[in-house]
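Text of the file run-v7.txt, holding compact mmCIF, C-alpha atoms:
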# COMPACT_ATOMS: atom_id res chain seq x y z
CA MET M 74 0.00 0.00 0.00
CA ARG M 75 1.36 3.37 -0.95
CA SER M 76 1.42 6.21 1.57
CA THR M 77 0.54 9.77 0.72
CA GLN M 78 2.73 11.18 3.49
CA ALA M 79 5.84 13.16 2.79
CA PRO M 80 9.14 11.54 3.80
CA LEU M 81 10.11 11.87 7.44
CA SER M 82 11.16 15.41 8.10
CA PRO M 83 14.33 15.45 10.19
CA SER M 84 13.09 18.70 11.72
CA ARG M 85 10.41 16.89 13.72
CA PRO M 86 12.64 15.13 16.26
CA LYS M 87 15.55 17.51 15.71
CA GLY M 88 13.51 20.57 16.74
CA ALA M 89 13.03 19.23 20.25
CA LEU M 90 16.66 18.12 20.37
CA HIS M 91 17.97 21.56 19.39
CA CYS M 92 15.68 23.33 21.90
CA THR M 93 16.84 20.95 24.62
CA GLN M 94 20.51 21.48 23.72
CA ALA M 95 20.00 25.24 23.87
CA ALA M 96 18.19 25.15 27.23
CA LEU M 97 20.29 22.60 29.13
CA PRO M 98 23.35 24.79 29.81
CA SER M 99 21.23 27.31 31.73
CA MET M 100 19.53 24.51 33.69
CA MET M 101 22.72 22.77 34.80
CA GLY M 102 23.45 23.58 38.42
CA ARG M 103 20.02 25.07 39.11
CA GLY M 104 17.58 22.48 37.77
CA GLY M 105 14.69 22.83 35.39
CA ARG M 106 11.91 21.21 33.44
CA ILE M 107 11.72 19.79 29.94
CA ILE M 108 8.29 18.72 28.70
CA ASN M 109 7.85 17.07 25.31
CA MET M 110 4.55 16.55 23.52
CA LEU M 111 4.07 13.05 22.20
CA SER M 112 1.27 11.10 20.58
CA THR M 113 -0.44 7.78 21.06
CA VAL M 114 0.50 7.07 17.44
CA ILE M 115 3.72 5.49 18.77
CA GLU M 116 1.58 2.83 20.46
CA GLU M 117 -0.80 2.15 17.59
CA PRO M 118 1.07 1.73 14.30
CA ASN M 119 -0.92 2.88 11.30
CA TRP M 120 0.25 3.09 7.70
CA ARG M 121 -1.33 6.54 7.37
CA TRP M 122 0.92 7.96 10.09
CA HIS M 123 4.20 6.11 9.67
CA THR M 124 6.46 9.18 9.35
CA TYR M 125 4.71 11.03 12.17
CA GLY M 126 4.85 7.90 14.36
CA ALA M 127 8.55 7.40 13.63
CA ALA M 128 9.31 11.01 14.56
CA LYS M 129 7.31 10.76 17.78
CA GLY M 130 9.01 7.44 18.57
CA ALA M 131 12.40 9.15 18.30
CA LEU M 132 11.18 11.92 20.61
CA TRP M 133 9.85 9.33 23.08
CA GLN M 134 13.25 7.62 23.29
CA MET M 135 15.07 10.94 23.57
CA THR M 136 12.76 11.93 26.43
CA ARG M 137 13.33 8.65 28.30
CA HIS M 138 17.11 8.80 27.96
CA LEU M 139 17.29 12.49 28.88
CA ALA M 140 15.16 11.84 31.98
CA ALA M 141 17.67 9.25 33.17
CA GLU M 142 20.67 11.43 32.33
CA MET M 143 19.35 14.74 33.68
CA GLY M 144 17.61 13.52 36.84
CA PRO M 145 20.80 13.72 38.93
CA HIS M 146 21.09 17.38 37.86
CA ASN M 147 17.60 18.19 39.24
CA ILE M 148 16.23 18.49 35.71
CA THR M 149 13.00 16.62 35.11
CA VAL M 150 12.23 15.44 31.59
CA ASN M 151 8.65 14.34 30.96
CA MET M 152 6.27 13.73 28.12
CA VAL M 153 2.58 14.38 27.66
CA SER M 154 0.74 12.08 25.25
CA PRO M 155 -2.95 12.98 25.40
CA GLY M 156 -4.25 11.09 22.40
CA TYR M 157 -6.83 12.63 20.12
CA THR M 158 -7.66 16.13 21.31
CA PRO M 159 -10.30 17.87 19.20
CA THR M 160 -9.51 21.46 18.30
CA ALA M 161 -10.83 23.94 15.76
CA ARG M 162 -7.68 23.54 13.64
CA GLN M 163 -8.00 19.79 13.03
CA THR M 164 -9.29 18.09 9.94
CA PRO M 165 -12.82 16.87 10.68
CA HIS M 166 -13.11 13.12 11.17
CA ASN M 167 -16.13 11.04 10.30
CA ASP M 168 -18.43 9.74 13.04
CA GLU M 169 -17.21 6.15 12.67
CA TYR M 170 -13.61 7.24 13.31
CA LEU M 171 -14.61 9.29 16.35
CA GLN M 172 -16.82 6.55 17.81
CA ASP M 173 -14.03 4.00 17.38
CA GLY M 174 -11.64 6.37 19.14
CA LEU M 175 -14.06 6.87 22.03
CA ALA M 176 -14.52 3.10 22.36
CA HIS M 177 -10.75 2.79 22.95
CA THR M 178 -10.55 5.70 25.40
CA PRO M 179 -10.70 4.63 29.06
CA MET M 180 -12.52 7.78 30.23
CA GLY M 181 -15.06 7.58 27.40
CA ARG M 182 -14.19 11.09 26.19
CA PHE M 183 -11.41 12.78 24.29
CA ALA M 184 -8.97 15.11 25.99
CA SER M 185 -9.64 18.82 25.81
CA PRO M 186 -6.97 21.44 25.16
CA GLN M 187 -7.44 22.49 28.79
CA ASP M 188 -6.72 18.92 29.97
CA VAL M 189 -3.44 19.00 28.05
CA ALA M 190 -2.53 22.46 29.36
CA ASP M 191 -3.27 21.36 32.94
CA ALA M 192 -0.95 18.35 32.59
CA VAL M 193 1.85 20.52 31.22
CA LEU M 194 1.33 23.14 33.95
CA PHE M 195 1.57 20.45 36.62
CA LEU M 196 4.76 18.98 35.17
CA ALA M 197 6.28 22.47 34.98
CA SER M 198 5.38 23.21 38.61
CA ASP M 199 7.30 22.54 41.82
CA LYS M 200 4.56 20.01 42.75
CA ALA M 201 5.93 17.63 40.11
CA GLY M 202 9.12 17.12 42.04
Any chance you could give the structure as structure tokens?
Amino acid sequence: MRSTQAPLSPSRPKGALHCTQAALPSMMGRGGRIINMLSTVIEEPNWRWHTYGAAKGALWQMTRHLAAEMGPHNITVNMVSPGYTPTARQTPHNDEYLQDGLAHTPMGRFASPQDVADAVLFLASDKAG
């Protein structure tokens, strides 16, 4: 089956890497927070999203390894992976797609942008450790 996606853009995982490399020197010695946005696509392979999933998979591994490496420096590295989060900017999905997504969502609802923001705010706060 032929995909209509563009080839994997190296900027996807590299953008987070370059931001992290730029921020780490100022965090060393004083601590800090790094929060990456991931996707459930890394857990559910789909031919329509192979390049996006590969990029997010690279970011997932980078996040895990950085967390282990930076923890001793009082720098937390976390990821937020909310799954499908309807917004006004998304391409509309058909009802069958949305109902299937809801059937596989433990809370029986999709995340809201506020849910995602609240998770990021918590991870950025002192309450997160």
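Here the question is which of M:Ser99, M:Thr136, M:Thr149, M:Ser154 gets nearest to Leu111 in chain M using all atoms listed in the file, and that residue is M:Ser154.
Nearest residue to Ala190 in chain M, choosing from M:Pro145, M:Met110, M:Leu90, M:Met135 and counting only C-alpha atoms: M:Met110.
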Atomic distance CA of Lys200 in chain M - CA of Pro186 in chain M, expressed in Å with one decimal: 21.1 Å
Considering only C-alpha atoms, return as a PyMOL selection string whatever protein or nucleic-acid residues lie within 10 Å of Met152 in chain M, sequence-local ones (same chain, fewer than 2 positions apart) excluded. chain M and resi 107-112+132-133+136-137+140+150+154-155+192-193+196
So, with all atoms listed in the file as the atoms that count, which of M:Gly126, M:Pro118, M:Pro165, M:Gly104 lies closest to Pro86 in chain M? M:Gly126
What does the distance between CA of Glu117 in chain M and CA of Ala141 in chain M come to in Å, to one decimal place? 25.2 Å
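CA of Leu97 in chain M is positioned 8.8 Å from CA of Ile148 in chain M.
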12 Å contact set for Gln172 in chain M, all atoms listed in the file, chain neighbours under 3 positions out, as a VMD selection string: chain M and resid 157 166 to 169 175 to 178 181 to 183
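Proximity ranking of M:Asp188, M:Met101, M:Lys87, M:Leu194 relative to Met143 in chain M places M:Met101 first, based on only C-alpha atoms.
Of the residues listed (M:Thr93, M:Pro98, M:Tyr170, M:Asn147), M:Asn147 shows the shortest atom-to-atom separation from Asp199 in chain M; distances use all atoms listed in the file.
For the set M:Ser185, M:Gly102, M:Gly202, M:Arg121, the residue with the smallest atom-to-atom gap to Gly156 in chain M is M:Ser185, counting only C-alpha atoms.
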